[in-house]
>>> print(open('my_file17.pdb').read())   # PDB, C-alpha atoms, pLDDT in the B column
ATOM      1  CA  MET A  29       0.000   0.000   0.000  1.00 76.00           C
ATOM      2  CA  ILE A  30       1.354   3.407  -1.016  1.00 78.00           C
ATOM      3  CA  SER A  31       1.881   5.672   1.995  1.00 81.00           C
ATOM      4  CA  SER A  32      -0.364   8.729   2.204  1.00 80.00           C
ATOM      5  CA  GLN A  33       2.702  10.977   2.340  1.00 82.00           C
ATOM      6  CA  MET A  34       3.983   9.650  -0.965  1.00 85.00           C
ATOM      7  CA  LEU A  35       0.522   9.754  -2.492  1.00 87.00           C
ATOM      8  CA  LYS A  36       0.021  13.409  -1.550  1.00 85.00           C
ATOM      9  CA  GLY A  37       2.637  14.495  -4.066  1.00 88.00           C
ATOM     10  CA  VAL A  38       1.179  12.673  -7.057  1.00 94.00           C
ATOM     11  CA  LEU A  39      -2.548  12.318  -6.513  1.00 95.00           C
ATOM     12  CA  GLU A  40      -3.481  15.657  -8.048  1.00 95.00           C
ATOM     13  CA  GLY A  41      -1.632  14.825 -11.264  1.00 97.00           C
ATOM     14  CA  CYS A  42      -3.172  11.359 -11.419  1.00 97.00           C
ATOM     15  CA  ILE A  43      -6.647  12.761 -10.969  1.00 98.00           C
ATOM     16  CA  LEU A  44      -5.991  15.292 -13.736  1.00 97.00           C
ATOM     17  CA  LYS A  45      -4.937  12.458 -16.038  1.00 98.00           C
ATOM     18  CA  ILE A  46      -8.193  10.617 -15.416  1.00 98.00           C
ATOM     19  CA  ILE A  47     -10.245  13.760 -16.001  1.00 98.00           C
ATOM     20  CA  ARG A  48      -8.340  14.382 -19.220  1.00 98.00           C
ATOM     21  CA  SER A  49      -9.426  10.986 -20.538  1.00 96.00           C
ATOM     22  CA  LYS A  50     -13.094  11.894 -20.275  1.00 96.00           C
ATOM     23  CA  GLN A  51     -15.555  14.077 -18.422  1.00 97.00           C
ATOM     24  CA  THR A  52     -16.063  12.349 -15.116  1.00 97.00           C
ATOM     25  CA  TYR A  53     -17.170  12.661 -11.467  1.00 96.00           C
ATOM     26  CA  GLY A  54     -15.755  11.990  -8.013  1.00 95.00           C
ATOM     27  CA  TYR A  55     -16.837   8.408  -7.428  1.00 94.00           C
ATOM     28  CA  GLU A  56     -15.881   7.367 -10.953  1.00 96.00           C
ATOM     29  CA  ILE A  57     -12.425   8.899 -10.439  1.00 97.00           C
ATOM     30  CA  SER A  58     -12.078   6.847  -7.259  1.00 95.00           C
ATOM     31  CA  GLU A  59     -13.030   3.686  -9.147  1.00 95.00           C
ATOM     32  CA  GLU A  60     -10.628   4.457 -11.997  1.00 97.00           C
ATOM     33  CA  LEU A  61      -7.716   4.990  -9.624  1.00 96.00           C
ATOM     34  CA  ASN A  62      -8.496   1.661  -7.993  1.00 94.00           C
ATOM     35  CA  LYS A  63      -8.472  -0.047 -11.420  1.00 95.00           C
ATOM     36  CA  TYR A  64      -4.947   1.230 -12.038  1.00 95.00           C
ATOM     37  CA  GLY A  65      -3.656  -0.243  -8.814  1.00 92.00           C
ATOM     38  CA  PHE A  66      -4.117   2.548  -6.284  1.00 93.00           C
ATOM     39  CA  SER A  67      -5.549   1.214  -3.042  1.00 87.00           C
ATOM     40  CA  LYS A  68      -9.037   2.491  -2.371  1.00 86.00           C
ATOM     41  CA  ILE A  69      -8.980   6.292  -2.412  1.00 90.00           C
ATOM     42  CA  SER A  70     -12.351   7.467  -1.182  1.00 89.00           C
ATOM     43  CA  GLU A  71     -14.454  10.102  -2.856  1.00 90.00           C
ATOM     44  CA  GLY A  72     -14.041  12.141   0.296  1.00 88.00           C
ATOM     45  CA  THR A  73     -10.284  12.214  -0.224  1.00 89.00           C
ATOM     46  CA  ILE A  74     -10.692  13.241  -3.833  1.00 92.00           C
ATOM     47  CA  TYR A  75     -13.263  16.001  -3.232  1.00 92.00           C
ATOM     48  CA  PRO A  76     -10.936  18.629  -1.635  1.00 90.00           C
ATOM     49  CA  ILE A  77      -8.468  18.036  -4.473  1.00 93.00           C
ATOM     50  CA  LEU A  78     -11.208  18.624  -7.035  1.00 95.00           C
ATOM     51  CA  LEU A  79     -12.148  21.846  -5.240  1.00 92.00           C
ATOM     52  CA  ARG A  80      -8.529  23.042  -5.459  1.00 92.00           C
ATOM     53  CA  LEU A  81      -8.247  22.125  -9.117  1.00 95.00           C
ATOM     54  CA  GLU A  82     -11.490  23.899  -9.929  1.00 94.00           C
ATOM     55  CA  LYS A  83     -10.448  26.976  -7.977  1.00 91.00           C
ATOM     56  CA  SER A  84      -7.159  27.148  -9.908  1.00 94.00           C
ATOM     57  CA  ASN A  85      -9.024  26.866 -13.225  1.00 96.00           C
ATOM     58  CA  THR A  86      -7.307  23.559 -13.964  1.00 97.00           C
ATOM     59  CA  ILE A  87     -10.684  21.842 -14.359  1.00 98.00           C
ATOM     60  CA  THR A  88     -14.216  23.045 -14.917  1.00 98.00           C
ATOM     61  CA  ALA A  89     -17.425  21.601 -13.514  1.00 96.00           C
ATOM     62  CA  GLU A  90     -20.991  21.211 -14.679  1.00 95.00           C
ATOM     63  CA  TYR A  91     -23.977  19.622 -13.015  1.00 93.00           C
ATOM     64  CA  LYS A  92     -25.801  16.839 -14.830  1.00 94.00           C
ATOM     65  CA  GLU A  93     -28.737  14.652 -13.939  1.00 90.00           C
ATOM     66  CA  SER A  94     -27.764  11.411 -12.215  1.00 85.00           C
ATOM     67  CA  PRO A  95     -29.713   8.148 -12.103  1.00 78.00           C
ATOM     68  CA  ASN A  96     -29.763   8.171  -8.303  1.00 70.00           C
ATOM     69  CA  GLY A  97     -30.606  11.319  -6.426  1.00 76.00           C
ATOM     70  CA  PRO A  98     -29.325  14.881  -6.870  1.00 83.00           C
ATOM     71  CA  LYS A  99     -27.502  16.300  -9.883  1.00 88.00           C
ATOM     72  CA  ARG A 100     -23.935  15.149 -10.091  1.00 92.00           C
ATOM     73  CA  LYS A 101     -20.897  17.347 -10.635  1.00 94.00           C
ATOM     74  CA  TYR A 102     -18.893  16.366 -13.726  1.00 97.00           C
ATOM     75  CA  PHE A 103     -15.384  17.638 -14.336  1.00 98.00           C
ATOM     76  CA  SER A 104     -13.462  18.425 -17.523  1.00 98.00           C
ATOM     77  CA  ILE A 105      -9.877  19.534 -17.997  1.00 98.00           C
ATOM     78  CA  THR A 106      -9.079  23.082 -19.158  1.00 98.00           C
ATOM     79  CA  PRO A 107      -6.162  24.304 -21.320  1.00 98.00           C
ATOM     80  CA  THR A 108      -4.447  25.355 -18.071  1.00 97.00           C
ATOM     81  CA  GLY A 109      -5.060  21.856 -16.782  1.00 98.00           C
ATOM     82  CA  GLU A 110      -3.467  20.365 -19.900  1.00 98.00           C
ATOM     83  CA  GLU A 111      -0.316  22.391 -19.227  1.00 98.00           C
ATOM     84  CA  GLU A 112      -0.293  21.376 -15.556  1.00 97.00           C
ATOM     85  CA  LEU A 113      -0.675  17.732 -16.522  1.00 98.00           C
ATOM     86  CA  CYS A 114       2.224  17.991 -18.942  1.00 98.00           C
ATOM     87  CA  THR A 115       4.404  19.568 -16.246  1.00 97.00           C
ATOM     88  CA  PHE A 116       3.401  16.879 -13.777  1.00 97.00           C
ATOM     89  CA  PHE A 117       4.236  14.091 -16.191  1.00 97.00           C
ATOM     90  CA  LEU A 118       7.682  15.543 -16.981  1.00 97.00           C
ATOM     91  CA  SER A 119       8.412  15.897 -13.263  1.00 96.00           C
ATOM     92  CA  TRP A 120       7.254  12.357 -12.678  1.00 96.00           C
ATOM     93  CA  GLN A 121       9.494  11.017 -15.447  1.00 96.00           C
ATOM     94  CA  GLU A 122      12.475  12.836 -13.957  1.00 96.00           C
ATOM     95  CA  LEU A 123      11.736  11.483 -10.485  1.00 94.00           C
ATOM     96  CA  ASN A 124      11.056   7.990 -11.759  1.00 94.00           C
ATOM     97  CA  ASN A 125      14.343   7.937 -13.686  1.00 94.00           C
ATOM     98  CA  ALA A 126      16.298   9.164 -10.696  1.00 93.00           C
ATOM     99  CA  ILE A 127      14.824   6.633  -8.268  1.00 92.00           C
ATOM    100  CA  SER A 128      15.164   3.785 -10.766  1.00 92.00           C
ATOM    101  CA  ALA A 129      18.799   4.723 -11.330  1.00 92.00           C
ATOM    102  CA  LEU A 130      19.387   4.891  -7.580  1.00 91.00           C
ATOM    103  CA  PHE A 131      18.079   1.401  -7.016  1.00 90.00           C
ATOM    104  CA  GLU A 132      19.729  -0.025 -10.117  1.00 86.00           C
ATOM    105  CA  ASN A 133      23.127   1.600  -9.841  1.00 69.00           C
ATOM    106  CA  GLY A 134      23.048   1.856  -6.090  1.00 61.00           C
ATOM    107  CA  GLY A 135      22.373  -1.856  -5.730  1.00 57.00           C
ATOM    108  CA  LYS A 136      19.381  -3.858  -4.575  1.00 59.00           C
ATOM    109  CA  ILE A 137      17.046  -2.654  -1.825  1.00 57.00           C
ATOM    110  CA  ASN A 138      18.646  -4.963   0.757  1.00 60.00           C
ATOM    111  CA  ASP A 139      22.233  -3.885   0.003  1.00 55.00           C
TER     112      ASP A 139
ATOM    113  CA  MET B  15     -27.362  36.405  -5.896  1.00 66.00           C
ATOM    114  CA  THR B  16     -29.847  36.267  -2.998  1.00 87.00           C
ATOM    115  CA  LYS B  17     -32.397  34.395  -5.121  1.00 89.00           C
ATOM    116  CA  LYS B  18     -29.771  31.855  -6.143  1.00 91.00           C
ATOM    117  CA  LEU B  19     -28.719  31.421  -2.522  1.00 94.00           C
ATOM    118  CA  GLU B  20     -32.293  30.962  -1.351  1.00 95.00           C
ATOM    119  CA  GLU B  21     -32.985  28.429  -4.096  1.00 94.00           C
ATOM    120  CA  LEU B  22     -29.840  26.496  -3.248  1.00 94.00           C
ATOM    121  CA  ARG B  23     -30.729  26.456   0.459  1.00 95.00           C
ATOM    122  CA  ARG B  24     -34.145  25.090  -0.416  1.00 95.00           C
ATOM    123  CA  ILE B  25     -32.588  22.357  -2.552  1.00 94.00           C
ATOM    124  CA  ASN B  26     -30.098  21.521   0.199  1.00 95.00           C
ATOM    125  CA  ASN B  27     -32.785  21.333   2.868  1.00 95.00           C
ATOM    126  CA  ASP B  28     -34.672  18.866   0.669  1.00 94.00           C
ATOM    127  CA  LEU B  29     -31.507  16.793   0.198  1.00 94.00           C
ATOM    128  CA  ASP B  30     -30.783  16.843   3.947  1.00 94.00           C
ATOM    129  CA  ALA B  31     -34.094  15.155   4.594  1.00 94.00           C
ATOM    130  CA  LYS B  32     -32.960  12.173   2.478  1.00 94.00           C
ATOM    131  CA  ILE B  33     -29.796  11.552   4.464  1.00 95.00           C
ATOM    132  CA  SER B  34     -30.242   8.512   6.653  1.00 95.00           C
ATOM    133  CA  GLU B  35     -30.466   8.685  10.417  1.00 95.00           C
ATOM    134  CA  GLU B  36     -27.245   6.728  10.656  1.00 93.00           C
ATOM    135  CA  ASN B  37     -25.347   9.246   8.528  1.00 93.00           C
ATOM    136  CA  GLN B  38     -26.926  12.423   9.928  1.00 94.00           C
ATOM    137  CA  PRO B  39     -24.586  13.062  12.898  1.00 92.00           C
ATOM    138  CA  LEU B  40     -21.385  12.919  10.874  1.00 91.00           C
ATOM    139  CA  PHE B  41     -22.944  14.835   7.988  1.00 92.00           C
ATOM    140  CA  THR B  42     -24.071  17.548  10.400  1.00 92.00           C
ATOM    141  CA  ASP B  43     -20.521  17.763  11.786  1.00 89.00           C
ATOM    142  CA  MET B  44     -19.157  18.210   8.267  1.00 88.00           C
ATOM    143  CA  ILE B  45     -21.591  21.030   7.527  1.00 90.00           C
ATOM    144  CA  CYS B  46     -20.705  22.746  10.796  1.00 90.00           C
ATOM    145  CA  TYR B  47     -17.044  22.764   9.768  1.00 85.00           C
ATOM    146  CA  ILE B  48     -18.030  24.239   6.381  1.00 86.00           C
ATOM    147  CA  ARG B  49     -19.962  26.994   8.165  1.00 89.00           C
ATOM    148  CA  SER B  50     -16.779  27.950  10.025  1.00 86.00           C
ATOM    149  CA  ALA B  51     -14.783  28.351   6.781  1.00 82.00           C
ATOM    150  CA  ASN B  52     -14.038  31.873   5.626  1.00 83.00           C
ATOM    151  CA  ILE B  53     -16.103  31.616   2.445  1.00 86.00           C
ATOM    152  CA  SER B  54     -19.309  33.222   1.195  1.00 90.00           C
ATOM    153  CA  ALA B  55     -22.720  31.884   2.108  1.00 92.00           C
ATOM    154  CA  LEU B  56     -23.247  30.880  -1.527  1.00 92.00           C
ATOM    155  CA  SER B  57     -20.004  28.889  -1.601  1.00 90.00           C
ATOM    156  CA  GLN B  58     -20.991  27.168   1.638  1.00 92.00           C
ATOM    157  CA  GLU B  59     -24.286  26.074   0.125  1.00 94.00           C
ATOM    158  CA  MET B  60     -22.570  24.887  -3.062  1.00 91.00           C
ATOM    159  CA  VAL B  61     -20.215  22.697  -1.050  1.00 91.00           C
ATOM    160  CA  ARG B  62     -23.143  21.521   1.062  1.00 93.00           C
ATOM    161  CA  ARG B  63     -24.885  20.381  -2.131  1.00 93.00           C
ATOM    162  CA  ASP B  64     -21.774  18.557  -3.314  1.00 92.00           C
ATOM    163  CA  LEU B  65     -21.417  16.766   0.017  1.00 92.00           C
ATOM    164  CA  SER B  66     -25.104  15.838   0.022  1.00 93.00           C
ATOM    165  CA  GLU B  67     -24.684  14.269  -3.414  1.00 93.00           C
ATOM    166  CA  ILE B  68     -21.625  12.329  -2.255  1.00 92.00           C
ATOM    167  CA  VAL B  69     -23.416  10.977   0.818  1.00 93.00           C
ATOM    168  CA  LEU B  70     -26.703  10.219  -0.960  1.00 94.00           C
ATOM    169  CA  SER B  71     -24.876   8.413  -3.779  1.00 92.00           C
ATOM    170  CA  ALA B  72     -23.018   6.385  -1.163  1.00 93.00           C
ATOM    171  CA  GLN B  73     -26.343   5.518   0.472  1.00 94.00           C
ATOM    172  CA  SER B  74     -27.752   4.363  -2.884  1.00 92.00           C
ATOM    173  CA  ARG B  75     -24.754   2.008  -3.198  1.00 91.00           C
ATOM    174  CA  GLY B  76     -25.414   0.655   0.278  1.00 93.00           C
ATOM    175  CA  GLU B  77     -22.400   2.429   1.767  1.00 92.00           C
ATOM    176  CA  LYS B  78     -22.135   4.551   4.876  1.00 89.00           C
ATOM    177  CA  ILE B  79     -20.735   8.062   5.151  1.00 89.00           C
ATOM    178  CA  THR B  80     -17.606   6.639   6.807  1.00 88.00           C
ATOM    179  CA  ASP B  81     -16.943   4.640   3.617  1.00 88.00           C
ATOM    180  CA  VAL B  82     -16.612   7.830   1.572  1.00 87.00           C
ATOM    181  CA  ILE B  83     -15.057  10.072   4.201  1.00 81.00           C
ATOM    182  CA  SER B  84     -12.244   7.849   5.362  1.00 68.00           C
ATOM    183  CA  GLY B  85      -9.848   8.802   8.081  1.00 65.00           C
ATOM    184  CA  ASP B  86     -10.084  11.526  10.644  1.00 62.00           C
ATOM    185  CA  LEU B  87     -13.021  13.896  10.071  1.00 64.00           C
ATOM    186  CA  LYS B  88     -11.164  16.845  11.553  1.00 66.00           C
ATOM    187  CA  GLU B  89      -8.256  16.295   9.133  1.00 67.00           C
ATOM    188  CA  TRP B  90     -10.673  15.956   6.219  1.00 68.00           C
ATOM    189  CA  ASN B  91     -12.476  19.170   7.095  1.00 68.00           C
ATOM    190  CA  SER B  92      -9.162  20.939   7.514  1.00 70.00           C
ATOM    191  CA  GLN B  93      -8.137  19.906   3.977  1.00 70.00           C
ATOM    192  CA  GLU B  94     -11.464  20.957   2.580  1.00 70.00           C
ATOM    193  CA  LYS B  95     -11.286  24.370   4.246  1.00 67.00           C
ATOM    194  CA  CYS B  96      -7.776  24.837   2.861  1.00 69.00           C
ATOM    195  CA  SER B  97      -9.046  24.042  -0.631  1.00 69.00           C
ATOM    196  CA  LEU B  98     -11.887  26.509  -0.276  1.00 67.00           C
ATOM    197  CA  GLN B  99      -9.872  29.293   1.281  1.00 63.00           C
ATOM    198  CA  THR B 100      -6.727  29.104  -0.873  1.00 48.00           C
ATOM    199  CA  PRO B 101      -6.424  32.427  -2.744  1.00 47.00           C
TER     200      PRO B 101
END
>>> encode(input="my_file17.pdb", output="structure tokens")
Amino acid sequence: MISSQMLKGVLEGCILKIIRSKQTYGYEISEELNKYGFSKISEGTIYPILLRLEKSNTITAEYKESPNGPKRKYFSITPTGEEELCTFFLSWQELNNAISALFENGGKIND
Amino acid sequence: MTKKLEELRRINNDLDAKISEENQPLFTDMICYIRSANISALSQEMVRRDLSEIVLSAQSRGEKITDVISGDLKEWNSQEKCSLQTP
């Protein structure tokens, strides 16, 4: 299970990636993350992140009818969001390369 | 603005009535924390609507509020307030 500290740094970018794929909502984002191997990240955890992203104009929201109950908030990525996602991915690649090199060139984890 | 706020409050009051007895105490706590955030009344009601939808959707899936708001409620509300109040 990925520690919450480690997850904090990447979750926003991962959520943006999912939203980029299609217009979606909180619970669906949670389910998608789970499909990709993230341990269950509740909708409640995702909601404050969505608020932040919306406030920074990285995503936009619209309410649509839902099959059960009140109108549901759907999110789409904005041009600003596309740029942020690109930046995130480049940063992730850099970090991934560095850590992979550390463990490969620096020996196995138990060394 | 006032009309929009009044309409939203009416909608939210209707949604509140659908939240189960089991989920009411925690939901009420969450709303109280929202009320203490330094945001407009309209923003408070918009968040209240979002949270109602989250809880009611969870109920329709047979889940409890604690299934969708995992972890410490105080920590969760703190994060939410930060998201709302960030300039």
>>> atom_distance(input="my_file17.pdb", atom1="atom CA of A:Thr86", atom2="atom CA of A:Met34")
22.1 Å
>>> resolve_selection(input="my_file17.pdb", expression="the PyMOL selection byres ((chain A and resi 103-107) around 7)", output="list in words")
Ile47, Arg48, Gln51, Thr52, Tyr53, Thr86, Ile87, Thr88, Ala89, Glu90, Lys101, Tyr102, Thr108, Gly109, Glu110 and Glu111 of chain A
>>> atom_distance(input="my_file17.pdb", atom1="atom CA of B:Ile83", atom2="atom CA of A:Lys92")
22.9 Å
>>> resolve_selection(input="my_file17.pdb", expression="the PyMOL selection byres ((chain A) within 9 of (chain B))", output="list in words")
Gly54, Tyr55, Ile69, Ser70, Glu71, Gly72, Thr73, Tyr75, Pro76, Ile77, Leu78, Leu79, Arg80, Leu81, Lys83, Ser84, Asn96, Gly97, Pro98, Lys99, Arg100 and Lys101 of chain A
>>> write_last_selection(input="my_file17.pdb", atoms="C-alpha atoms", output="compact mmCIF listing (two decimals), keeping the file's coordinate frame")
# COMPACT_ATOMS: atom_id res chain seq x y z
CA GLY A 54 -15.76 11.99 -8.01
CA TYR A 55 -16.84 8.41 -7.43
CA ILE A 69 -8.98 6.29 -2.41
CA SER A 70 -12.35 7.47 -1.18
CA GLU A 71 -14.45 10.10 -2.86
CA GLY A 72 -14.04 12.14 0.30
CA THR A 73 -10.28 12.21 -0.22
CA TYR A 75 -13.26 16.00 -3.23
CA PRO A 76 -10.94 18.63 -1.64
CA ILE A 77 -8.47 18.04 -4.47
CA LEU A 78 -11.21 18.62 -7.04
CA LEU A 79 -12.15 21.85 -5.24
CA ARG A 80 -8.53 23.04 -5.46
CA LEU A 81 -8.25 22.12 -9.12
CA LYS A 83 -10.45 26.98 -7.98
CA SER A 84 -7.16 27.15 -9.91
CA ASN A 96 -29.76 8.17 -8.30
CA GLY A 97 -30.61 11.32 -6.43
CA PRO A 98 -29.32 14.88 -6.87
CA LYS A 99 -27.50 16.30 -9.88
CA ARG A 100 -23.94 15.15 -10.09
CA LYS A 101 -20.90 17.35 -10.64
>>> closest_residue(input="my_file17.pdb", among="B:Thr42, B:Ile48, B:Asn37, B:Met60", to="B:Gly76", atoms="all atoms listed in the file")
B:Asn37
>>> atom_distance(input="my_file17.pdb", atom1="atom CA of A:Glu112", atom2="atom CA of A:Glu40")
10.0 Å
>>> closest_residue(input="my_file17.pdb", among="B:Glu77, B:Arg62, B:Asp43, B:Ile53", to="B:Asp28", atoms="all atoms listed in the file")
B:Arg62
>>> residues_around(input="my_file17.pdb", residues="B:Leu19", least_positions_apart="6", cutoff="10 Å", atoms="only C-alpha atoms", output="list of chain:residue names")
B:Ile25, B:Ala55, B:Leu56, B:Ser57, B:Gln58, B:Glu59, B:Met60
>>> build_atoms(input="my_file17.pdb", residues="stretch 50-81 of chain A", atoms="N, CA and C atoms", output="PDB file, keeping the file's coordinate frame")
ATOM      1  N   LYS A  50     -11.684  11.623 -19.969  1.00 96.00           N
ATOM      2  CA  LYS A  50     -13.094  11.894 -20.275  1.00 96.00           C
ATOM      3  C   LYS A  50     -13.718  12.705 -19.143  1.00 96.00           C
ATOM      4  N   GLN A  51     -14.807  13.363 -19.452  1.00 97.00           N
ATOM      5  CA  GLN A  51     -15.555  14.077 -18.422  1.00 97.00           C
ATOM      6  C   GLN A  51     -16.036  13.059 -17.386  1.00 97.00           C
ATOM      7  N   THR A  52     -15.785  13.370 -16.133  1.00 97.00           N
ATOM      8  CA  THR A  52     -16.063  12.349 -15.116  1.00 97.00           C
ATOM      9  C   THR A  52     -16.412  12.989 -13.772  1.00 97.00           C
ATOM     10  N   TYR A  53     -16.753  12.177 -12.786  1.00 96.00           N
ATOM     11  CA  TYR A  53     -17.170  12.661 -11.467  1.00 96.00           C
ATOM     12  C   TYR A  53     -16.413  11.928 -10.366  1.00 96.00           C
ATOM     13  N   GLY A  54     -16.569  12.435  -9.141  1.00 95.00           N
ATOM     14  CA  GLY A  54     -15.755  11.990  -8.013  1.00 95.00           C
ATOM     15  C   GLY A  54     -15.682  10.494  -7.802  1.00 95.00           C
ATOM     16  N   TYR A  55     -16.826   9.843  -7.704  1.00 94.00           N
ATOM     17  CA  TYR A  55     -16.837   8.408  -7.428  1.00 94.00           C
ATOM     18  C   TYR A  55     -16.196   7.625  -8.568  1.00 94.00           C
ATOM     19  N   GLU A  56     -16.459   8.050  -9.792  1.00 96.00           N
ATOM     20  CA  GLU A  56     -15.881   7.367 -10.953  1.00 96.00           C
ATOM     21  C   GLU A  56     -14.361   7.512 -10.948  1.00 96.00           C
ATOM     22  N   ILE A  57     -13.872   8.679 -10.539  1.00 97.00           N
ATOM     23  CA  ILE A  57     -12.425   8.899 -10.439  1.00 97.00           C
ATOM     24  C   ILE A  57     -11.833   7.928  -9.417  1.00 97.00           C
ATOM     25  N   SER A  58     -12.519   7.779  -8.304  1.00 95.00           N
ATOM     26  CA  SER A  58     -12.078   6.847  -7.259  1.00 95.00           C
ATOM     27  C   SER A  58     -11.991   5.420  -7.815  1.00 95.00           C
ATOM     28  N   GLU A  59     -13.000   5.032  -8.565  1.00 95.00           N
ATOM     29  CA  GLU A  59     -13.030   3.686  -9.147  1.00 95.00           C
ATOM     30  C   GLU A  59     -11.906   3.505 -10.173  1.00 95.00           C
ATOM     31  N   GLU A  60     -11.680   4.524 -10.976  1.00 97.00           N
ATOM     32  CA  GLU A  60     -10.628   4.457 -11.997  1.00 97.00           C
ATOM     33  C   GLU A  60      -9.259   4.304 -11.359  1.00 97.00           C
ATOM     34  N   LEU A  61      -9.001   5.088 -10.332  1.00 96.00           N
ATOM     35  CA  LEU A  61      -7.716   4.990  -9.624  1.00 96.00           C
ATOM     36  C   LEU A  61      -7.513   3.569  -9.096  1.00 96.00           C
ATOM     37  N   ASN A  62      -8.565   3.018  -8.539  1.00 94.00           N
ATOM     38  CA  ASN A  62      -8.496   1.661  -7.993  1.00 94.00           C
ATOM     39  C   ASN A  62      -8.147   0.655  -9.082  1.00 94.00           C
ATOM     40  N   LYS A  63      -8.729   0.864 -10.278  1.00 95.00           N
ATOM     41  CA  LYS A  63      -8.472  -0.047 -11.420  1.00 95.00           C
ATOM     42  C   LYS A  63      -7.000  -0.039 -11.806  1.00 95.00           C
ATOM     43  N   TYR A  64      -6.347   1.111 -11.654  1.00 95.00           N
ATOM     44  CA  TYR A  64      -4.947   1.230 -12.038  1.00 95.00           C
ATOM     45  C   TYR A  64      -3.986   0.769 -10.954  1.00 95.00           C
ATOM     46  N   GLY A  65      -4.522   0.334  -9.846  1.00 92.00           N
ATOM     47  CA  GLY A  65      -3.656  -0.243  -8.814  1.00 92.00           C
ATOM     48  C   GLY A  65      -3.508   0.596  -7.558  1.00 92.00           C
ATOM     49  N   PHE A  66      -4.139   1.768  -7.518  1.00 93.00           N
ATOM     50  CA  PHE A  66      -4.117   2.548  -6.284  1.00 93.00           C
ATOM     51  C   PHE A  66      -5.063   1.874  -5.301  1.00 93.00           C
ATOM     52  N   SER A  67      -4.623   1.763  -4.046  1.00 87.00           N
ATOM     53  CA  SER A  67      -5.549   1.214  -3.042  1.00 87.00           C
ATOM     54  C   SER A  67      -6.707   2.196  -2.926  1.00 87.00           C
ATOM     55  N   LYS A  68      -7.798   1.714  -2.399  1.00 86.00           N
ATOM     56  CA  LYS A  68      -9.037   2.491  -2.371  1.00 86.00           C
ATOM     57  C   LYS A  68      -8.818   3.924  -1.869  1.00 86.00           C
ATOM     58  N   ILE A  69      -9.047   4.881  -2.785  1.00 90.00           N
ATOM     59  CA  ILE A  69      -8.980   6.292  -2.412  1.00 90.00           C
ATOM     60  C   ILE A  69     -10.415   6.795  -2.439  1.00 90.00           C
ATOM     61  N   SER A  70     -10.924   7.156  -1.294  1.00 89.00           N
ATOM     62  CA  SER A  70     -12.351   7.467  -1.182  1.00 89.00           C
ATOM     63  C   SER A  70     -12.693   8.766  -1.898  1.00 89.00           C
ATOM     64  N   GLU A  71     -13.959   8.891  -2.213  1.00 90.00           N
ATOM     65  CA  GLU A  71     -14.454  10.102  -2.856  1.00 90.00           C
ATOM     66  C   GLU A  71     -14.213  11.309  -1.958  1.00 90.00           C
ATOM     67  N   GLY A  72     -14.288  11.075  -0.667  1.00 88.00           N
ATOM     68  CA  GLY A  72     -14.041  12.141   0.296  1.00 88.00           C
ATOM     69  C   GLY A  72     -12.623  12.667   0.241  1.00 88.00           C
ATOM     70  N   THR A  73     -11.678  11.796  -0.075  1.00 89.00           N
ATOM     71  CA  THR A  73     -10.284  12.214  -0.224  1.00 89.00           C
ATOM     72  C   THR A  73     -10.103  13.013  -1.507  1.00 89.00           C
ATOM     73  N   ILE A  74     -10.810  12.611  -2.523  1.00 92.00           N
ATOM     74  CA  ILE A  74     -10.692  13.241  -3.833  1.00 92.00           C
ATOM     75  C   ILE A  74     -11.365  14.616  -3.870  1.00 92.00           C
ATOM     76  N   TYR A  75     -12.465  14.780  -3.140  1.00 92.00           N
ATOM     77  CA  TYR A  75     -13.263  16.001  -3.232  1.00 92.00           C
ATOM     78  C   TYR A  75     -12.473  17.284  -2.964  1.00 92.00           C
ATOM     79  N   PRO A  76     -11.708  17.394  -1.846  1.00 90.00           N
ATOM     80  CA  PRO A  76     -10.936  18.629  -1.635  1.00 90.00           C
ATOM     81  C   PRO A  76      -9.941  18.908  -2.761  1.00 90.00           C
ATOM     82  N   ILE A  77      -9.402  17.862  -3.356  1.00 93.00           N
ATOM     83  CA  ILE A  77      -8.468  18.036  -4.473  1.00 93.00           C
ATOM     84  C   ILE A  77      -9.206  18.614  -5.677  1.00 93.00           C
ATOM     85  N   LEU A  78     -10.400  18.110  -5.925  1.00 95.00           N
ATOM     86  CA  LEU A  78     -11.208  18.624  -7.035  1.00 95.00           C
ATOM     87  C   LEU A  78     -11.559  20.094  -6.814  1.00 95.00           C
ATOM     88  N   LEU A  79     -11.840  20.445  -5.566  1.00 92.00           N
ATOM     89  CA  LEU A  79     -12.148  21.846  -5.240  1.00 92.00           C
ATOM     90  C   LEU A  79     -10.954  22.736  -5.591  1.00 92.00           C
ATOM     91  N   ARG A  80      -9.767  22.276  -5.194  1.00 92.00           N
ATOM     92  CA  ARG A  80      -8.529  23.042  -5.459  1.00 92.00           C
ATOM     93  C   ARG A  80      -8.295  23.192  -6.948  1.00 92.00           C
ATOM     94  N   LEU A  81      -8.476  22.106  -7.671  1.00 95.00           N
ATOM     95  CA  LEU A  81      -8.247  22.125  -9.117  1.00 95.00           C
ATOM     96  C   LEU A  81      -9.252  23.051  -9.815  1.00 95.00           C
TER      97      LEU A  81
END
